[in-house]
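Enquirer: The following file, start_39.txt, comprises compact mmCIF, C-alpha atoms:
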```
# COMPACT_ATOMS: atom_id res chain seq x y z
CA MET A 1 53.12 -34.37 9.85
CA TYR A 2 50.11 -36.10 11.35
CA LEU A 3 48.02 -35.32 8.29
CA SER A 4 50.59 -36.80 5.92
CA ARG A 5 50.90 -39.87 8.12
CA PHE A 6 47.11 -40.26 8.18
CA LEU A 7 46.92 -39.94 4.41
CA SER A 8 49.68 -42.52 3.99
CA ILE A 9 47.92 -44.98 6.31
CA HIS A 10 44.62 -44.36 4.56
CA ALA A 11 46.19 -44.98 1.15
CA LEU A 12 47.79 -48.17 2.44
CA TRP A 13 44.47 -49.36 3.89
CA VAL A 14 42.65 -48.72 0.62
CA THR A 15 45.31 -50.66 -1.27
CA VAL A 16 45.28 -53.61 1.14
CA SER A 17 41.48 -53.67 1.22
CA SER A 18 41.23 -53.74 -2.54
CA VAL A 19 43.66 -56.67 -2.67
CA MET A 20 42.25 -58.66 0.23
CA GLN A 21 38.54 -58.06 -0.34
CA PRO A 22 37.06 -61.28 -1.68
CA TYR A 23 35.09 -61.00 -4.88
CA PRO A 24 31.89 -62.40 -3.32
CA LEU A 25 31.40 -59.09 -1.48
CA VAL A 26 30.59 -57.60 -4.86
CA TRP A 27 27.78 -60.00 -5.63
CA GLY A 28 26.43 -60.35 -2.08
CA HIS A 29 25.74 -63.27 0.20
CA TYR A 30 21.94 -63.42 -0.11
CA ASP A 31 21.77 -63.27 3.68
CA VAL A 32 18.89 -60.76 3.94
CA CYS A 33 15.31 -61.45 2.82
CA LYS A 34 13.98 -57.92 3.02
CA THR A 35 14.98 -54.44 4.03
CA GLN A 36 13.08 -51.21 4.52
CA ILE A 37 13.62 -48.44 2.01
CA TYR A 38 12.16 -44.97 1.64
CA THR A 39 10.14 -44.00 -1.42
CA GLU A 40 7.83 -41.14 -2.35
CA GLU A 41 5.03 -43.12 -0.71
CA GLY A 42 6.99 -43.52 2.52
CA LYS A 43 8.80 -46.46 4.11
CA VAL A 44 8.23 -49.76 2.31
CA TRP A 45 9.78 -53.23 2.23
CA ASP A 46 12.25 -54.14 -0.48
CA TYR A 47 12.35 -57.92 -0.95
CA MET A 48 15.30 -59.95 -2.21
CA ALA A 49 16.42 -63.55 -2.65
CA CYS A 50 17.92 -65.05 0.49
CA GLN A 51 19.41 -68.31 1.79
CA PRO A 52 20.77 -69.75 5.06
CA GLU A 53 24.48 -69.79 5.80
CA SER A 54 26.53 -72.86 4.95
CA THR A 55 27.31 -75.01 7.99
CA ASP A 56 28.45 -78.44 9.16
CA MET A 57 25.47 -80.62 8.28
CA THR A 58 26.72 -83.70 10.18
CA LYS A 59 25.30 -82.11 13.36
CA TYR A 60 21.79 -82.76 12.06
CA LEU A 61 21.95 -86.17 10.38
CA LYS A 62 20.81 -89.64 11.32
CA VAL A 63 23.10 -92.53 10.46
CA LYS A 64 22.05 -96.09 9.62
CA LEU A 65 24.26 -99.09 8.93
CA ASP A 66 23.33 -102.09 6.81
CA PRO A 67 23.73 -104.81 7.89
CA PRO A 68 22.82 -103.39 11.31
CA ASP A 69 25.13 -105.78 13.20
CA ILE A 70 28.21 -104.99 11.11
CA THR A 71 29.91 -102.87 13.82
CA CYS A 72 32.70 -104.72 15.59
CA GLY A 73 32.61 -105.70 19.26
CA ASP A 74 29.53 -107.88 19.64
CA PRO A 75 30.91 -110.42 20.22
CA PRO A 76 34.37 -109.02 21.07
CA GLU A 77 37.06 -109.72 18.50
CA THR A 78 40.71 -108.93 17.83
CA PHE A 79 42.00 -107.10 14.79
CA CYS A 80 45.35 -106.12 13.35
CA ALA A 81 47.06 -102.79 13.92
CA MET A 82 46.62 -100.11 11.27
CA GLY A 83 50.31 -99.57 10.63
CA ASN A 84 51.36 -103.21 11.01
CA PRO A 85 48.87 -105.65 9.47
CA TYR A 86 50.56 -108.61 11.18
CA MET A 87 50.32 -107.23 14.73
CA CYS A 88 46.87 -108.63 15.51
CA ASN A 89 46.35 -108.12 19.23
CA ASN A 90 44.03 -105.09 19.21
CA GLU A 91 40.56 -105.65 20.63
CA CYS A 92 37.10 -104.32 19.82
CA ASP A 93 34.52 -104.83 22.56
CA ALA A 94 31.14 -103.08 22.40
CA SER A 95 30.54 -103.58 26.13
CA THR A 96 33.67 -101.61 27.11
CA PRO A 97 33.56 -97.88 26.24
CA GLU A 98 37.34 -97.64 25.80
CA LEU A 99 37.31 -100.53 23.30
CA ALA A 100 34.01 -99.79 21.51
CA HIS A 101 33.79 -98.23 18.03
CA PRO A 102 30.11 -97.25 17.47
CA PRO A 103 28.87 -95.32 14.38
CA GLU A 104 28.54 -91.96 16.18
CA LEU A 105 32.34 -91.79 16.42
CA MET A 106 32.38 -90.92 12.71
CA PHE A 107 30.91 -87.53 13.59
CA ASP A 108 32.46 -86.56 16.93
CA PHE A 109 35.09 -83.89 17.49
CA GLU A 110 38.38 -84.78 15.87
CA GLY A 111 41.82 -83.90 17.16
CA ARG A 112 41.89 -86.11 20.23
CA HIS A 113 44.60 -88.70 20.77
CA PRO A 114 44.11 -91.51 20.29
CA SER A 115 41.62 -90.78 17.51
CA THR A 116 38.08 -92.10 17.73
CA PHE A 117 36.50 -94.06 14.92
CA TRP A 118 33.76 -96.44 13.86
CA GLN A 119 34.93 -99.89 12.87
CA SER A 120 33.31 -102.83 11.14
CA ALA A 121 33.71 -106.49 11.97
CA THR A 122 36.70 -108.16 10.30
CA TRP A 123 36.56 -110.21 7.12
CA LYS A 124 36.40 -113.50 8.99
CA GLU A 125 33.71 -114.86 6.64
CA TYR A 126 35.89 -114.56 3.53
CA PRO A 127 35.29 -115.34 0.65
CA LYS A 128 31.81 -113.97 1.36
CA PRO A 129 32.04 -110.23 0.48
CA LEU A 130 32.54 -107.79 3.35
CA GLN A 131 30.14 -105.01 2.36
CA VAL A 132 28.60 -102.16 4.37
CA ASN A 133 26.09 -99.42 3.53
CA ILE A 134 26.37 -96.24 5.63
CA THR A 135 23.31 -94.03 5.08
CA LEU A 136 23.25 -90.39 6.18
CA SER A 137 19.74 -88.90 6.31
CA TRP A 138 18.57 -85.36 7.03
CA SER A 139 14.78 -85.67 6.48
CA LYS A 140 15.27 -82.35 4.69
CA THR A 141 16.52 -81.20 1.33
CA ILE A 142 20.01 -79.71 1.63
CA GLU A 143 22.37 -78.04 -0.82
CA LEU A 144 26.02 -79.07 -0.70
CA THR A 145 28.51 -76.20 -0.58
CA ASP A 146 31.88 -77.87 0.06
CA ASN A 147 33.70 -81.13 -0.56
CA ILE A 148 32.44 -84.30 1.11
CA VAL A 149 35.45 -85.65 3.01
CA ILE A 150 35.68 -89.19 4.46
CA THR A 151 38.68 -90.00 6.65
CA PHE A 152 39.48 -93.68 7.06
CA GLU A 153 41.34 -94.99 10.08
CA SER A 154 41.94 -98.22 8.17
CA GLY A 155 43.27 -98.32 4.63
CA ARG A 156 40.99 -96.72 2.09
CA PRO A 157 38.67 -99.31 0.50
CA ASP A 158 39.59 -101.03 -2.75
CA GLN A 159 36.04 -100.46 -4.00
CA MET A 160 33.46 -97.91 -2.89
CA ILE A 161 30.46 -96.01 -4.28
CA LEU A 162 29.12 -92.70 -3.01
CA GLU A 163 25.40 -92.35 -3.76
CA LYS A 164 22.77 -89.66 -3.30
CA SER A 165 19.01 -89.52 -2.95
CA LEU A 166 16.65 -86.65 -3.67
CA ASP A 167 13.52 -88.39 -2.36
CA TYR A 168 14.42 -89.36 1.21
CA GLY A 169 16.02 -92.67 0.31
CA ARG A 170 13.31 -94.10 -1.94
CA THR A 171 15.60 -94.05 -4.98
CA TRP A 172 19.37 -93.69 -5.31
CA GLN A 173 21.77 -92.41 -7.95
CA PRO A 174 25.56 -92.78 -8.00
CA TYR A 175 27.61 -89.69 -7.21
CA GLN A 176 31.06 -91.19 -7.78
CA TYR A 177 32.81 -94.55 -7.99
CA TYR A 178 36.13 -95.26 -6.25
CA ALA A 179 38.42 -98.23 -6.98
CA THR A 180 42.01 -99.38 -7.21
CA ASP A 181 41.07 -100.66 -10.67
CA CYS A 182 38.01 -98.92 -12.15
CA LEU A 183 37.90 -101.08 -15.26
CA ASP A 184 37.95 -104.31 -13.29
CA ALA A 185 35.58 -103.19 -10.53
CA PHE A 186 32.98 -101.12 -12.40
CA HIS A 187 33.81 -101.49 -16.13
CA MET A 188 34.60 -97.79 -16.29
CA ASP A 189 37.67 -95.95 -17.49
CA PRO A 190 39.39 -94.11 -14.63
CA LYS A 191 39.01 -90.33 -14.54
CA SER A 192 39.46 -87.46 -12.14
CA VAL A 193 37.45 -84.26 -11.75
CA LYS A 194 40.24 -82.44 -13.59
CA ASP A 195 39.22 -84.39 -16.71
CA LEU A 196 35.75 -82.79 -16.64
CA SER A 197 34.59 -79.44 -18.01
CA GLN A 198 31.59 -77.11 -17.85
CA HIS A 199 29.84 -79.33 -20.38
CA THR A 200 30.62 -82.63 -18.60
CA VAL A 201 30.50 -81.51 -14.98
CA LEU A 202 27.48 -83.73 -14.29
CA GLU A 203 29.23 -86.86 -15.57
CA ILE A 204 29.47 -89.72 -13.06
CA ILE A 205 33.08 -90.89 -12.99
CA CYS A 206 35.18 -93.63 -11.43
CA THR A 207 38.41 -92.44 -9.87
CA GLU A 208 41.48 -94.38 -8.75
CA GLU A 209 42.88 -91.28 -7.09
CA TYR A 210 41.79 -92.21 -3.55
CA SER A 211 42.07 -95.99 -3.44
CA THR A 212 45.27 -97.40 -1.99
CA GLY A 213 46.06 -100.04 0.61
CA TYR A 214 47.75 -99.73 3.99
CA MET A 215 49.34 -96.28 3.84
CA THR A 216 49.11 -94.26 7.04
CA ASN A 217 49.37 -90.97 5.15
CA SER A 218 46.63 -91.89 2.68
CA LYS A 219 43.40 -91.96 4.63
CA ILE A 220 41.17 -89.38 2.97
CA ILE A 221 38.57 -89.71 0.22
CA HIS A 222 36.98 -86.62 -1.38
CA PHE A 223 33.91 -85.94 -3.41
CA GLU A 224 34.97 -82.68 -5.02
CA ILE A 225 32.19 -80.09 -4.84
CA LYS A 226 34.43 -77.03 -5.07
CA ASP A 227 36.34 -78.32 -8.08
CA ARG A 228 33.02 -78.62 -9.89
CA PHE A 229 32.02 -75.09 -8.78
CA ALA A 230 35.34 -73.88 -10.18
CA PHE A 231 34.33 -74.74 -13.74
CA PHE A 232 31.95 -71.78 -13.51
CA ALA A 233 33.41 -69.57 -10.76
CA GLY A 234 37.10 -69.88 -11.60
CA PRO A 235 39.89 -71.68 -9.69
CA TRP A 236 39.62 -69.43 -6.61
CA LEU A 237 35.79 -69.28 -6.73
CA ARG A 238 35.93 -65.51 -7.18
CA ASN A 239 33.38 -65.30 -9.97
CA MET A 240 30.46 -66.67 -7.96
CA ALA A 241 28.10 -64.53 -10.01
CA SER A 242 28.76 -66.85 -12.94
CA LEU A 243 28.13 -69.93 -10.81
CA TYR A 244 24.92 -68.52 -9.36
CA GLY A 245 23.76 -67.62 -12.83
CA GLN A 246 24.26 -71.22 -13.94
CA LEU A 247 22.54 -72.61 -10.84
CA ASP A 248 19.63 -70.27 -11.48
CA THR A 249 19.08 -71.27 -15.08
CA THR A 250 20.14 -74.94 -15.14
CA LYS A 251 17.91 -77.12 -12.96
CA LYS A 252 20.00 -80.27 -13.53
CA LEU A 253 23.09 -78.47 -12.22
CA ARG A 254 21.23 -77.22 -9.16
CA ASP A 255 19.80 -80.67 -8.48
CA PHE A 256 23.26 -82.24 -8.81
CA PHE A 257 24.38 -80.46 -5.64
CA THR A 258 21.08 -81.11 -3.80
CA VAL A 259 20.41 -84.16 -1.62
CA THR A 260 18.14 -85.48 1.11
CA ASP A 261 20.38 -88.48 1.86
CA LEU A 262 23.88 -89.74 1.13
CA ARG A 263 24.94 -93.38 1.08
CA ILE A 264 28.50 -94.69 1.35
CA ARG A 265 28.70 -98.20 -0.07
CA LEU A 266 31.85 -99.99 1.09
CA LEU A 267 32.24 -102.94 -1.28
CA ARG A 268 35.75 -104.27 -0.69
CA PRO A 269 38.22 -103.40 2.10
CA ALA A 270 41.82 -102.39 1.51
CA VAL A 271 43.73 -105.52 0.58
CA GLY A 272 47.00 -104.01 -0.56
CA GLU A 273 47.97 -107.05 -2.61
CA ILE A 274 46.56 -109.03 -5.48
CA PHE A 275 45.42 -111.88 -3.23
CA VAL A 276 43.67 -111.92 0.14
CA ASP A 277 45.82 -113.33 2.95
CA GLU A 278 43.45 -116.00 4.27
CA LEU A 279 45.73 -116.70 7.25
CA HIS A 280 45.34 -113.14 8.56
CA LEU A 281 41.72 -112.15 7.86
CA ALA A 282 41.69 -109.97 10.99
CA ARG A 283 43.69 -107.39 9.02
CA TYR A 284 40.76 -106.67 6.69
CA PHE A 285 37.97 -104.36 7.91
CA TYR A 286 36.62 -100.81 7.49
CA ALA A 287 37.26 -98.01 9.98
CA ILE A 288 36.15 -94.37 9.56
CA SER A 289 37.24 -91.63 11.95
CA ASP A 290 35.50 -88.63 10.38
CA ILE A 291 32.92 -87.62 7.78
CA LYS A 292 32.51 -83.98 6.77
CA VAL A 293 29.46 -82.69 4.90
CA HIS A 294 29.02 -78.92 4.55
CA GLY A 295 25.88 -77.41 3.10
CA ARG A 296 22.77 -75.40 3.79
CA CYS A 297 19.07 -76.07 4.09
CA LYS A 298 17.34 -75.71 0.76
CA CYS A 299 14.76 -72.96 1.27
CA ASN A 300 14.26 -72.00 -2.39
CA LEU A 301 15.83 -68.57 -1.71
CA HIS A 302 12.95 -67.66 0.62
CA ALA A 303 14.68 -67.88 4.04
CA THR A 304 17.92 -67.08 5.83
CA VAL A 305 17.23 -69.20 8.92
CA CYS A 306 16.87 -72.98 9.21
CA VAL A 307 15.93 -74.22 12.68
CA TYR A 308 16.60 -77.64 14.19
CA ASP A 309 13.75 -78.62 16.46
CA ASN A 310 12.48 -82.04 17.53
CA SER A 311 15.26 -83.66 15.49
CA LYS A 312 14.02 -81.94 12.35
CA LEU A 313 15.34 -79.14 10.13
CA THR A 314 12.82 -76.56 8.90
CA CYS A 315 13.22 -73.29 7.02
CA GLU A 316 11.82 -70.15 8.68
CA CYS A 317 10.14 -68.94 5.54
CA GLU A 318 9.82 -65.32 4.39
CA HIS A 319 8.17 -63.80 1.30
CA ASN A 320 4.75 -65.18 2.39
CA THR A 321 5.89 -68.75 1.68
CA THR A 322 5.55 -71.85 3.83
CA GLY A 323 6.54 -75.52 4.00
CA PRO A 324 9.76 -77.30 5.05
CA ASP A 325 11.54 -75.92 1.96
CA CYS A 326 9.36 -72.77 1.58
CA GLY A 327 7.95 -74.60 -1.40
CA LYS A 328 4.45 -73.11 -1.52
CA CYS A 329 2.55 -69.91 -0.83
CA LYS A 330 0.85 -69.31 2.49
CA LYS A 331 -2.91 -69.40 2.78
CA ASN A 332 -4.46 -66.20 1.46
CA TYR A 333 -1.23 -65.42 -0.42
CA GLN A 334 -1.88 -67.36 -3.60
CA GLY A 335 -2.53 -64.44 -5.90
CA ARG A 336 -0.03 -65.90 -8.36
CA PRO A 337 1.69 -69.30 -8.66
CA TRP A 338 4.52 -70.02 -6.23
CA SER A 339 8.02 -69.64 -7.62
CA PRO A 340 11.47 -70.08 -6.08
CA GLY A 341 13.56 -66.99 -5.58
CA SER A 342 16.20 -66.19 -8.15
CA TYR A 343 19.90 -65.32 -7.75
CA LEU A 344 19.47 -62.92 -10.67
CA PRO A 345 19.99 -60.10 -11.11
CA ILE A 346 23.21 -59.96 -9.10
CA PRO A 347 23.64 -58.90 -6.28
CA LYS A 348 20.17 -58.97 -4.66
CA GLY A 349 18.36 -61.44 -6.88
CA THR A 350 14.58 -61.60 -7.18
CA ALA A 351 12.38 -62.60 -4.25
CA ASN A 352 9.35 -63.79 -6.28
CA THR A 353 7.21 -63.03 -3.25
CA CYS A 354 3.80 -64.64 -2.88
CA ILE A 355 1.04 -62.04 -3.05
CA PRO A 356 -2.40 -61.99 -1.43
CA SER A 357 -5.22 -63.91 -3.04
CA ILE A 358 -8.18 -62.06 -4.48
CA SER A 359 -10.44 -64.04 -2.14
CA SER A 360 -8.59 -62.70 0.91
CA ILE A 361 -9.37 -59.06 0.17
CA GLY A 362 -12.24 -58.99 2.66
CA THR A 363 -9.99 -59.97 5.55
CA ASN A 364 -6.72 -58.40 4.47
CA VAL A 365 -7.27 -55.11 2.71
CA CYS A 366 -3.80 -53.69 3.33
CA ASP A 367 -0.58 -54.65 5.07
CA ASN A 368 1.95 -51.86 4.46
CA GLU A 369 4.12 -54.34 2.57
CA LEU A 370 2.39 -55.49 -0.60
CA LEU A 371 -1.07 -53.90 -0.42
CA HIS A 372 -0.24 -50.21 -0.09
CA CYS A 373 -2.87 -47.60 0.65
CA GLN A 374 -2.57 -45.04 -2.13
CA ASN A 375 -2.46 -41.26 -2.24
CA GLY A 376 -1.14 -40.85 1.30
CA GLY A 377 -3.58 -43.26 2.98
CA THR A 378 -2.50 -45.32 5.97
CA CYS A 379 -3.32 -48.95 6.72
CA HIS A 380 -5.36 -49.55 9.89
CA ASN A 381 -5.22 -53.07 11.39
CA ASN A 382 -4.97 -54.59 7.91
CA VAL A 383 -8.71 -54.14 7.41
CA ARG A 384 -9.09 -50.60 6.00
CA CYS A 385 -7.20 -47.67 4.58
CA LEU A 386 -7.58 -44.33 6.37
CA CYS A 387 -7.75 -41.94 3.43
CA PRO A 388 -6.96 -38.22 3.18
CA ALA A 389 -10.01 -35.99 2.95
CA ALA A 390 -9.84 -35.71 -0.83
CA TYR A 391 -9.75 -39.49 -1.49
CA THR A 392 -11.93 -42.52 -0.95
CA GLY A 393 -12.11 -46.15 -2.05
CA ILE A 394 -10.73 -49.42 -0.70
CA LEU A 395 -7.12 -48.32 -1.25
CA CYS A 396 -7.78 -44.56 -1.34
CA GLU A 397 -7.51 -44.91 -5.08
CA LYS A 398 -10.48 -42.66 -5.98
CA LEU A 399 -11.05 -38.94 -5.71
CA ARG A 400 -13.97 -38.13 -3.42
CA CYS A 401 -15.18 -35.44 -5.77
CA GLU A 402 -15.69 -38.08 -8.42
CA GLU A 403 -18.61 -39.54 -6.47
CA ALA A 404 -20.29 -36.15 -6.42
CA GLY A 405 -19.51 -35.56 -10.10
CA SER A 406 -17.73 -32.30 -9.29
CA CYS A 407 -14.18 -33.08 -10.43
CA GLY A 408 -13.91 -30.19 -12.85
CA SER A 409 -10.87 -28.14 -13.80
CA ASP A 410 -11.82 -25.52 -11.23
CA SER A 411 -12.06 -27.94 -8.35
CA GLY A 412 -8.31 -28.01 -7.78
CA GLN A 413 -8.42 -31.80 -8.07
CA GLY A 414 -7.61 -32.81 -11.60
CA ALA A 415 -9.86 -35.44 -13.11
CA ALA A 416 -9.02 -38.91 -11.96
CA PRO A 417 -8.33 -41.72 -14.44
CA ARG A 418 -11.46 -43.66 -15.31
CA CYS A 419 -10.38 -47.04 -13.92
CA SER A 420 -12.69 -49.28 -11.95
CA PRO A 421 -11.82 -49.75 -8.25
CA ALA A 422 -11.62 -53.51 -8.86
CA LEU A 423 -9.00 -53.06 -11.58
CA LEU A 424 -6.99 -50.70 -9.38
CA LEU A 425 -7.13 -53.18 -6.53
CA LEU A 426 -6.03 -56.08 -8.73
CA THR A 427 -3.21 -53.92 -10.06
CA ALA A 428 -2.03 -53.21 -6.51
CA LEU A 429 -2.27 -56.87 -5.59
CA LEU A 430 -0.22 -58.08 -8.53
CA GLY A 431 2.39 -55.35 -8.14
CA THR A 432 2.19 -54.08 -11.69
CA ALA A 433 0.79 -51.11 -13.51
CA SER A 434 0.46 -52.98 -16.81
CA PRO A 435 -2.92 -54.19 -18.08
CA LEU A 436 -4.06 -57.42 -16.50
CA VAL A 437 -4.49 -60.45 -18.72
CA PHE A 438 -6.48 -63.47 -17.51
```
Show me, as structure tokens, the structure contained in the file I just sent.
Expert:
Amino acid sequence: MYLSRFLSIHALWVTVSSVMQPYPLVWGHYDVCKTQIYTEEGKVWDYMACQPESTDMTKYLKVKLDPPDITCGDPPETFCAMGNPYMCNNECDASTPELAHPPELMFDFEGRHPSTFWQSATWKEYPKPLQVNITLSWSKTIELTDNIVITFESGRPDQMILEKSLDYGRTWQPYQYYATDCLDAFHMDPKSVKDLSQHTVLEIICTEEYSTGYMTNSKIIHFEIKDRFAFFAGPWLRNMASLYGQLDTTKKLRDFFTVTDLRIRLLRPAVGEIFVDELHLARYFYAISDIKVHGRCKCNLHATVCVYDNSKLTCECEHNTTGPDCGKCKKNYQGRPWSPGSYLPIPKGTANTCIPSISSIGTNVCDNELLHCQNGGTCHNNVRCLCPAAYTGILCEKLRCEEAGSCGSDSGQGAAPRCSPALLLLTALLGTASPLVF
């Protein structure tokens, strides 16, 4: 009875597991940089591509507003209620915490009542444009992994541009345009991400999908990262192997989802009608309660950890790499040109580890990772191989009898291959048994 019940439960568990198990478990998460494996030569390191986990990147950003005095409250001013644009007795006062709306409230914990939000000054200088640039900077290259979501406490703007930078704000490129009328605002035909395809996924579009006036249930603007991923990974993002393959082989696609800075350009507040009501300008302003940006540090597939120290993000590099993005080989590990890791082949990828330089041989003869002592030798303090009695040489690569010229068929030590010690050493350094070509 108990056995049959156990078998039934086990069968049920296998069925449920097969249904519920997400496809990404098949291709791996790239969350380990190396692991020890056992070979005929003993325990050695097996290296693989690796990357940090995706996280909320707003915890690490710096925000800058332009113009810098655009936040409401200095001097204090009144503005109209969100739901009723003609009830204009609300107050913004920077000197009173309960009435202040500073920029950091765009990134605080949401869910409190009343909600917290940043707010601009009102459009009291109409017809002069009310425009604001909100710049988010990480001082680090990051890779976006989920939709950028901006929640407005006011009506969503009539015109807005989301921009990105890949060079720490020196130059900017548009990510997406937003407008109530794309043709009028930006001379572009309106589109949505659903109109794109694998071949046009990098196209910069203008969308009217997120631009409406005073509607309390219409506060959110998206930049759709996951919808773009879905062109390669499928609608439920189950075929991530396909996406990673594309990211690995198409630099423009990989760069599209990579940023150092984002800039939200608010160009025209929500008006809601054709004409601006000049008698009630206090109803026009920008207010943002939340910005969500999910991503990971870009470490070129050479690290799983990104630390935040002294207000700076830095990859903890593996694979003998170094730099903020693990973008170069460490000193004495420049035996071949640096290369980023690769997602391929699935599931472990390729580490493309930096290997010791030829010039570092005198100080780093062996390390039990890349420079293995051969023929059963053991590495001692990284400076010499302790060889078995029958072997000698820098890496125990040479039969001792060879020096005495006594390696005959009756010696019990078959003749060793006639390769120079230097060639054997270079072969060990470069991790290949094929002939070396310079």
Enquirer: Do you know which residues are at most 10 Å from Glu77 in chain A counting all atoms listed in the file, after dropping those on the same chain fewer than 5 positions away, and could you put them as a PyMOL selection string?
Expert: chain A and resi 72+89-94+121-122+282
Enquirer: Would you mind telling me which residue in A:Thr250, A:His199, A:Tyr286, A:Trp236 lies nearest to Leu130 in chain A when using all atoms listed in the file?
Expert: A:Tyr286
Enquirer: What's the 7 Å shell around Met57 in chain A, counting only C-alpha atoms, without same-chain residues fewer than 2 positions away, as a PyMOL selection string?
Expert: chain A and resi 55+59-61+293-295
Enquirer: Taking only C-alpha atoms into account, which of A:Leu313, A:Ile291, A:Cys387, A:Leu253 comes nearest Phe107 in chain A?
Expert: A:Ile291
Enquirer: Neighbouring residues of Leu105 in chain A were defined as those with any atom within 8 Å, considering all atoms listed in the file; residues of the same chain fewer than 5 positions away were excluded. Please report them as a list of chain:residue names.
Expert: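 The neighbour list is A:Thr116, A:Phe117, A:Trp118, A:Ser289, A:Asp290.
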Enquirer: How many Å separate CA of Thr321 in chain A from CA of Ile142 in chain A?
Expert: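 Separation of CA of Thr321 in chain A and CA of Ile142 in chain A: 17.9 Å.
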Enquirer: What's the 8 Å shell around Thr145 in chain A, counting only C-alpha atoms, without same-chain residues fewer than 3 positions away, as a count of residues only?
Expert: 7
Enquirer: What's the separation between CA of Gly335 in chain A and CA of Glu318 in chain A, in Å to one decimal place?
Expert: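 For CA of Gly335 in chain A relative to CA of Glu318 in chain A, the distance reads 16.1 Å.
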Enquirer: Can you pull out the residues contacting range 325-332 of chain A? Cut-off 9 Å, using all atoms listed in the file, and skip same-chain residues under 4 positions away; I want them as a ChimeraX atom specification.
Expert: /A:140-141,297-303,314-321,336-340,353-361,364
Enquirer: If you keep C-alpha atoms, can you produce a file of those selected residues as an mmCIF file, keeping the file's coordinate frame?
Expert:
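So selection-v3.cif came out as:
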```
data_model
loop_
_atom_site.group_PDB
_atom_site.id
_atom_site.type_symbol
_atom_site.label_atom_id
_atom_site.label_comp_id
_atom_site.auth_asym_id
_atom_site.auth_seq_id
_atom_site.Cartn_x
_atom_site.Cartn_y
_atom_site.Cartn_z
ATOM 1 C CA LYS A 140 15.270 -82.350 4.690
ATOM 2 C CA THR A 141 16.520 -81.200 1.330
ATOM 3 C CA CYS A 297 19.070 -76.070 4.090
ATOM 4 C CA LYS A 298 17.340 -75.710 0.760
ATOM 5 C CA CYS A 299 14.760 -72.960 1.270
ATOM 6 C CA ASN A 300 14.260 -72.000 -2.390
ATOM 7 C CA LEU A 301 15.830 -68.570 -1.710
ATOM 8 C CA HIS A 302 12.950 -67.660 0.620
ATOM 9 C CA ALA A 303 14.680 -67.880 4.040
ATOM 10 C CA THR A 314 12.820 -76.560 8.900
ATOM 11 C CA CYS A 315 13.220 -73.290 7.020
ATOM 12 C CA GLU A 316 11.820 -70.150 8.680
ATOM 13 C CA CYS A 317 10.140 -68.940 5.540
ATOM 14 C CA GLU A 318 9.820 -65.320 4.390
ATOM 15 C CA HIS A 319 8.170 -63.800 1.300
ATOM 16 C CA ASN A 320 4.750 -65.180 2.390
ATOM 17 C CA THR A 321 5.890 -68.750 1.680
ATOM 18 C CA ARG A 336 -0.030 -65.900 -8.360
ATOM 19 C CA PRO A 337 1.690 -69.300 -8.660
ATOM 20 C CA TRP A 338 4.520 -70.020 -6.230
ATOM 21 C CA SER A 339 8.020 -69.640 -7.620
ATOM 22 C CA PRO A 340 11.470 -70.080 -6.080
ATOM 23 C CA THR A 353 7.210 -63.030 -3.250
ATOM 24 C CA CYS A 354 3.800 -64.640 -2.880
ATOM 25 C CA ILE A 355 1.040 -62.040 -3.050
ATOM 26 C CA PRO A 356 -2.400 -61.990 -1.430
ATOM 27 C CA SER A 357 -5.220 -63.910 -3.040
ATOM 28 C CA ILE A 358 -8.180 -62.060 -4.480
ATOM 29 C CA SER A 359 -10.440 -64.040 -2.140
ATOM 30 C CA SER A 360 -8.590 -62.700 0.910
ATOM 31 C CA ILE A 361 -9.370 -59.060 0.170
ATOM 32 C CA ASN A 364 -6.720 -58.400 4.470
#
```
Enquirer: Mind giving me the straight-line distance from CA of Gly323 in chain A to CA of Leu243 in chain A in Å, one decimal?
Expert: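 Atom-to-atom, CA of Gly323 in chain A to CA of Leu243 in chain A, that is 26.8 Å.
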Enquirer: Here is a test: counting only C-alpha atoms, which residue of A:Lys62, A:Asn375, A:His280, A:Lys128 is nearest to Lys398 in chain A?
Expert: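 Distance minimum relative to Lys398 in chain A lands on A:Asn375.
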Enquirer: Under the rule that all atoms listed in the file are counted, which of A:Pro324, A:Gly341, A:Pro190, A:Pro67 is the nearest residue to Ser139 in chain A?
Expert: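 Closest to Ser139 in chain A of all the choices is A:Pro324.
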Enquirer: Given the choices A:Phe79, A:Gly73, A:Thr304, A:Arg384, which gets closest to Glu98 in chain A if the distance is worked out from only C-alpha atoms?
Expert: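 Using only C-alpha atoms, the shortest distance to Glu98 in chain A belongs to A:Gly73.
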